[in-house]
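Asker: So I've got this file, final37.txt, and it contains compact mmCIF, C-alpha atoms and all ligand atoms:
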# COMPACT_ATOMS: atom_id res chain seq x y z
CA MET A 62 -25.48 -37.81 -18.83
CA GLU A 63 -27.60 -36.69 -21.74
CA THR A 64 -25.78 -34.64 -24.32
CA ASP A 65 -27.08 -32.16 -26.84
CA VAL A 66 -25.72 -33.94 -29.90
CA ALA A 67 -29.10 -35.36 -30.81
CA THR A 68 -31.18 -32.26 -30.28
CA ASP A 69 -30.97 -32.15 -34.06
CA GLN A 70 -34.02 -34.37 -34.51
CA ALA A 71 -33.74 -34.20 -38.28
CA LYS A 72 -30.48 -36.08 -38.29
CA ASN A 73 -30.59 -39.79 -39.10
CA PRO A 74 -30.27 -41.68 -35.79
CA LEU A 75 -27.72 -44.05 -37.31
CA ASP A 76 -25.56 -41.07 -38.27
CA VAL A 77 -25.78 -39.77 -34.69
CA TYR A 78 -24.81 -43.20 -33.35
CA TRP A 79 -21.75 -43.38 -35.62
CA ASP A 80 -20.79 -39.76 -34.86
CA TYR A 81 -20.52 -40.81 -31.21
CA VAL A 82 -18.53 -43.92 -32.13
CA ARG A 83 -16.10 -41.90 -34.24
CA SER A 84 -15.54 -39.61 -31.25
CA GLY A 85 -14.74 -42.67 -29.13
CA ARG A 86 -18.03 -42.84 -27.25
CA PHE A 87 -20.79 -45.43 -26.97
CA ALA A 88 -24.17 -43.75 -26.78
CA ILE A 89 -27.69 -45.13 -26.87
CA PRO A 90 -30.98 -43.52 -27.88
CA SER A 91 -33.20 -42.62 -24.97
CA CYS A 92 -36.89 -41.73 -25.26
CA ARG A 93 -37.58 -38.39 -23.55
CA LYS A 94 -41.24 -39.29 -23.09
CA CYS A 95 -41.08 -42.76 -21.46
CA GLN A 96 -37.31 -43.02 -20.71
CA LYS A 97 -36.99 -46.25 -22.73
CA LYS A 98 -33.44 -46.85 -23.97
CA PHE A 99 -33.01 -48.95 -27.07
CA LEU A 100 -30.86 -50.25 -29.90
CA PRO A 101 -30.60 -50.25 -32.83
CA PRO A 102 -31.04 -46.49 -33.29
CA ARG A 103 -34.32 -45.44 -34.89
CA ARG A 104 -36.47 -42.34 -35.19
CA PHE A 105 -39.34 -43.65 -33.05
CA CYS A 106 -39.33 -45.05 -29.55
CA PRO A 107 -40.15 -48.79 -29.82
CA ALA A 108 -42.12 -48.61 -26.56
CA CYS A 109 -44.35 -45.54 -26.96
CA GLY A 110 -43.82 -44.32 -30.52
CA SER A 111 -42.55 -40.88 -29.48
CA GLU A 112 -40.18 -39.09 -31.85
CA ASP A 113 -38.66 -37.13 -28.97
CA ILE A 114 -35.43 -39.10 -28.73
CA GLY A 115 -32.32 -38.01 -26.87
CA TRP A 116 -29.01 -39.77 -26.41
CA ARG A 117 -27.16 -40.99 -23.36
CA GLU A 118 -23.55 -41.96 -23.18
CA SER A 119 -23.34 -45.47 -21.83
CA GLN A 120 -20.73 -47.15 -19.66
CA GLY A 121 -21.40 -50.16 -21.87
CA ARG A 122 -21.32 -52.59 -18.95
CA GLY A 123 -23.05 -55.86 -19.61
CA SER A 124 -22.79 -59.60 -19.96
CA VAL A 125 -22.83 -62.14 -22.76
CA TYR A 126 -26.38 -63.35 -23.47
CA THR A 127 -25.36 -65.73 -26.24
CA TYR A 128 -22.43 -66.11 -28.61
CA THR A 129 -21.02 -67.97 -31.56
CA VAL A 130 -17.44 -68.85 -32.45
CA ILE A 131 -16.65 -68.10 -36.09
CA HIS A 132 -14.36 -70.76 -37.59
CA SER A 133 -14.95 -70.00 -41.27
CA ALA A 134 -14.03 -66.46 -42.35
CA PRO A 135 -16.84 -64.65 -44.21
CA ASN A 136 -14.25 -62.87 -46.38
CA GLU A 137 -10.54 -62.86 -47.23
CA GLY A 138 -9.82 -60.01 -44.83
CA LEU A 139 -10.88 -62.05 -41.81
CA LYS A 140 -9.12 -65.31 -42.73
CA ALA A 141 -6.14 -64.62 -40.48
CA GLU A 142 -8.44 -63.83 -37.54
CA VAL A 143 -10.47 -67.03 -37.17
CA PRO A 144 -11.50 -68.40 -34.82
CA TYR A 145 -13.12 -65.36 -33.24
CA VAL A 146 -16.24 -64.68 -31.20
CA ILE A 147 -19.44 -62.77 -31.99
CA ALA A 148 -21.79 -62.16 -29.08
CA LEU A 149 -25.19 -60.77 -28.25
CA ALA A 150 -24.86 -58.95 -24.93
CA ASP A 151 -27.23 -57.57 -22.34
CA ILE A 152 -26.13 -54.00 -21.59
CA GLU A 153 -27.08 -52.61 -18.16
CA ASP A 154 -27.92 -49.13 -19.46
CA LEU A 155 -30.26 -50.54 -22.09
CA GLY A 156 -32.57 -52.33 -19.69
CA THR A 157 -34.76 -55.04 -21.17
CA GLY A 158 -35.91 -55.41 -24.73
CA SER A 159 -32.68 -54.51 -26.53
CA ARG A 160 -29.34 -56.22 -26.79
CA PHE A 161 -26.02 -55.25 -28.33
CA TYR A 162 -24.42 -57.43 -31.00
CA ALA A 163 -20.68 -57.23 -31.71
CA ARG A 164 -17.42 -59.06 -32.01
CA VAL A 165 -15.68 -59.91 -28.72
CA PHE A 166 -11.97 -59.11 -28.52
CA ASP A 167 -9.31 -60.01 -25.93
CA VAL A 168 -10.83 -63.41 -25.17
CA ASP A 169 -9.78 -66.88 -26.23
CA PRO A 170 -12.78 -68.53 -27.95
CA SER A 171 -12.47 -71.46 -25.53
CA ASP A 172 -12.89 -69.06 -22.58
CA ILE A 173 -16.16 -67.44 -23.68
CA TYR A 174 -19.36 -68.34 -21.81
CA THR A 175 -22.91 -67.16 -21.35
CA GLY A 176 -22.89 -64.57 -18.57
CA LEU A 177 -19.28 -63.47 -19.15
CA PRO A 178 -19.04 -59.86 -17.90
CA VAL A 179 -18.19 -57.59 -20.83
CA LYS A 180 -18.13 -53.94 -21.73
CA VAL A 181 -18.38 -51.96 -24.94
CA VAL A 182 -15.23 -50.19 -26.05
CA ILE A 183 -14.45 -48.30 -29.24
CA ARG A 184 -11.60 -49.80 -31.26
CA SER A 185 -10.12 -49.10 -34.67
CA ASP A 186 -10.55 -51.85 -37.21
CA ARG A 187 -7.86 -52.83 -39.71
CA ASN A 188 -9.01 -50.01 -42.03
CA GLY A 189 -8.70 -47.43 -39.26
CA ASP A 190 -12.47 -47.06 -38.85
CA SER A 191 -13.90 -46.80 -35.33
CA LEU A 192 -16.06 -49.71 -34.26
CA PRO A 193 -17.88 -50.55 -31.02
CA VAL A 194 -16.76 -53.99 -29.81
CA LEU A 195 -17.03 -56.07 -26.66
CA VAL A 196 -14.16 -56.99 -24.34
CA PRO A 197 -14.18 -58.93 -21.07
CA ARG A 198 -14.72 -56.68 -18.04
CA GLU A 199 -11.91 -56.63 -15.50
CA ASP A 200 -14.01 -55.23 -12.65
CA ALA A 201 -16.53 -58.08 -12.59
ZN ZN A 301 -40.92 -43.90 -25.40
Produce structure tokens that represent the structure in this file.
Answerer:
Amino acid sequence: METDVATDQAKNPLDVYWDYVRSGRFAIPSCRKCQKKFLPPRRFCPACGSEDIGWRESQGRGSVYTYTVIHSAPNEGLKAEVPYVIALADIEDLGTGSRFYARVFDVDPSDIYTGLPVKVVIRSDRNGDSLPVLVPREDA
């Protein structure tokens, strides 16, 4: 379902994306001219160059395309959380040409595999900020 949030074409697409995230929703830009859906958010359609970009809320269903297990924390705040998984996922609503990159929660690093069914959910990080993350999909 397309919403009217992004009818404000002057707004930075990244701001629109994060507005959705803060409201607990995962939405992706959708070209109104050629219907291409893409990430990351940008002002122009990567397929046809149109600036007529709408937004569609996504179910966020997908599967792990590739992943890495982080064993060495990039900062002090993450030291207690290693090992953890970062994945690049194919998202059904995106079609081809774009993938979604995020941390994977609720999975033991030894249980992750290419093709693992996942979905995007919005979680709060340790600072209370909303963040889109991946979790294993129960309905797969
Ligand atoms: Zn387009």
Asker: Of the residues A:Leu195, A:Ala163, A:Gly115, A:Trp79, which is the one nearest to A:Cys95, using only C-alpha atoms?
Answerer: A:Gly115
Asker: Can you tell me which residues come within 10 Å of ligand ZN 301 (chain A) when counting all atoms listed in the file, ideally as number ranges by chain?
Answerer: A: 91-99, 105-114
Asker: Any idea what's packed within 12 Å of A:Arg184, counting all atoms listed in the file, ignoring anything in its chain fewer than 5 positions away? Could you give it as number ranges by chain?
Answerer: A: 82-87, 163-167, 189-196
Asker: Could you list, as a ChimeraX atom specification, every residue within 10 Å of A:Glu199, counting all atoms listed in the file and ignoring same-chain residues fewer than 2 positions away?
Answerer: /A:178-180,196-197,201
Asker: Would you output that residue set with C-alpha atoms, as a CSV table (one decimal), in the frame of the given file?
Answerer:
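Wrote it out as again-v2.csv, contents follow:
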chain,number,residue,atom,x,y,z
A,178,PRO,CA,-19.0,-59.9,-17.9
A,179,VAL,CA,-18.2,-57.6,-20.8
A,180,LYS,CA,-18.1,-53.9,-21.7
A,196,VAL,CA,-14.2,-57.0,-24.3
A,197,PRO,CA,-14.2,-58.9,-21.1
A,201,ALA,CA,-16.5,-58.1,-12.6
Asker: Just give me the residues with any atom within 12 Å of (-27.6, -46.1, -27.6), file coordinates, counting all atoms listed in the file, written as a PyMOL selection string.
Answerer: chain A and resi 63+67+74-82+86-92+97-103+106+114-121+152-156+159-161+181+193
Asker: Kindly give the distance, in Å, that separates atom CA of A:Pro135 and atom CA of A:Ile173, rounded to a single decimal.
Answerer: 20.7 Å
Asker: Taking all atoms listed in the file into account, name the residue in A:Thr157, A:Ser133, A:Asn188, A:Thr127 that is nearest to A:Tyr174.
Answerer: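 When distances to A:Tyr174 are compared using all atoms listed in the file, the smallest one comes from A:Thr127.
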Asker: So the first atom is atom CA of A:Leu149 and the second is atom CA of A:Ala134; what is the distance between them in Å, to one decimal place?
Answerer: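 Computing the Euclidean distance for atom CA of A:Leu149 and atom CA of A:Ala134 yields 18.9 Å.
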Asker: In Å, with one decimal, what is the gap from atom CA of A:Asp200 to atom CA of A:Ile131?
Answerer: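 These atoms are spaced 26.9 Å apart.
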Asker: Using only C-alpha atoms, which of the listed residues (A:Asp169, A:Asp151, A:Glu142, A:Glu137) sits closest to A:Arg122?
Answerer: A:Asp151
Asker: Working from the structure I just supplied, which lacks atoms in stretch 101-125 of chain A, can you model N, CA and C atoms there and output them as a short mmCIF file (atom, residue, chain, number, x, y, z; two decimals), keeping the file's coordinate frame?
Answerer:
data_model
loop_
_atom_site.label_atom_id
_atom_site.label_comp_id
_atom_site.auth_asym_id
_atom_site.auth_seq_id
_atom_site.Cartn_x
_atom_site.Cartn_y
_atom_site.Cartn_z
N PRO A 101 -31.38 -51.22 -32.09
CA PRO A 101 -30.60 -50.25 -32.83
C PRO A 101 -31.27 -48.87 -32.86
N PRO A 102 -30.48 -47.84 -33.21
CA PRO A 102 -31.04 -46.49 -33.29
C PRO A 102 -32.17 -46.40 -34.32
N ARG A 103 -33.22 -45.68 -33.97
CA ARG A 103 -34.32 -45.44 -34.89
C ARG A 103 -35.01 -44.14 -34.51
N ARG A 104 -35.85 -43.64 -35.41
CA ARG A 104 -36.47 -42.34 -35.19
C ARG A 104 -37.58 -42.36 -34.14
N PHE A 105 -38.20 -43.53 -33.97
CA PHE A 105 -39.34 -43.65 -33.05
C PHE A 105 -39.00 -44.54 -31.88
N CYS A 106 -39.49 -44.19 -30.71
CA CYS A 106 -39.33 -45.05 -29.55
C CYS A 106 -40.11 -46.36 -29.79
N PRO A 107 -39.45 -47.52 -29.60
CA PRO A 107 -40.15 -48.79 -29.82
C PRO A 107 -41.20 -49.08 -28.76
N ALA A 108 -41.16 -48.36 -27.64
CA ALA A 108 -42.12 -48.61 -26.56
C ALA A 108 -43.37 -47.74 -26.69
N CYS A 109 -43.19 -46.44 -26.97
CA CYS A 109 -44.35 -45.54 -26.96
C CYS A 109 -44.57 -44.80 -28.28
N GLY A 110 -43.63 -44.94 -29.21
CA GLY A 110 -43.82 -44.32 -30.52
C GLY A 110 -43.41 -42.87 -30.60
N SER A 111 -42.95 -42.29 -29.48
CA SER A 111 -42.55 -40.88 -29.48
C SER A 111 -41.35 -40.66 -30.40
N GLU A 112 -41.33 -39.48 -31.04
CA GLU A 112 -40.18 -39.09 -31.85
C GLU A 112 -39.21 -38.21 -31.06
N ASP A 113 -39.51 -37.98 -29.80
CA ASP A 113 -38.66 -37.13 -28.97
C ASP A 113 -37.56 -38.00 -28.34
N ILE A 114 -36.50 -38.18 -29.11
CA ILE A 114 -35.43 -39.10 -28.73
C ILE A 114 -34.15 -38.33 -28.41
N GLY A 115 -33.61 -38.56 -27.23
CA GLY A 115 -32.32 -38.01 -26.87
C GLY A 115 -31.27 -39.11 -26.87
N TRP A 116 -30.09 -38.78 -26.43
CA TRP A 116 -29.01 -39.77 -26.41
C TRP A 116 -28.32 -39.74 -25.06
N ARG A 117 -27.91 -40.90 -24.61
CA ARG A 117 -27.16 -40.99 -23.36
C ARG A 117 -25.89 -41.77 -23.60
N GLU A 118 -24.79 -41.19 -23.14
CA GLU A 118 -23.55 -41.96 -23.18
C GLU A 118 -23.69 -43.11 -22.21
N SER A 119 -23.20 -44.26 -22.64
CA SER A 119 -23.34 -45.47 -21.83
C SER A 119 -21.98 -45.95 -21.36
N GLN A 120 -21.95 -46.50 -20.14
CA GLN A 120 -20.73 -47.15 -19.66
C GLN A 120 -20.48 -48.44 -20.43
N GLY A 121 -21.54 -48.96 -21.06
CA GLY A 121 -21.40 -50.16 -21.87
C GLY A 121 -21.17 -51.43 -21.08
N ARG A 122 -21.51 -51.39 -19.78
CA ARG A 122 -21.32 -52.59 -18.95
C ARG A 122 -22.43 -53.59 -19.24
N GLY A 123 -22.04 -54.86 -19.36
CA GLY A 123 -23.05 -55.86 -19.61
C GLY A 123 -22.50 -57.25 -19.46
N SER A 124 -23.24 -58.21 -20.01
CA SER A 124 -22.79 -59.60 -19.96
C SER A 124 -23.26 -60.32 -21.22
N VAL A 125 -22.52 -61.38 -21.56
CA VAL A 125 -22.83 -62.14 -22.76
C VAL A 125 -24.15 -62.88 -22.57
#
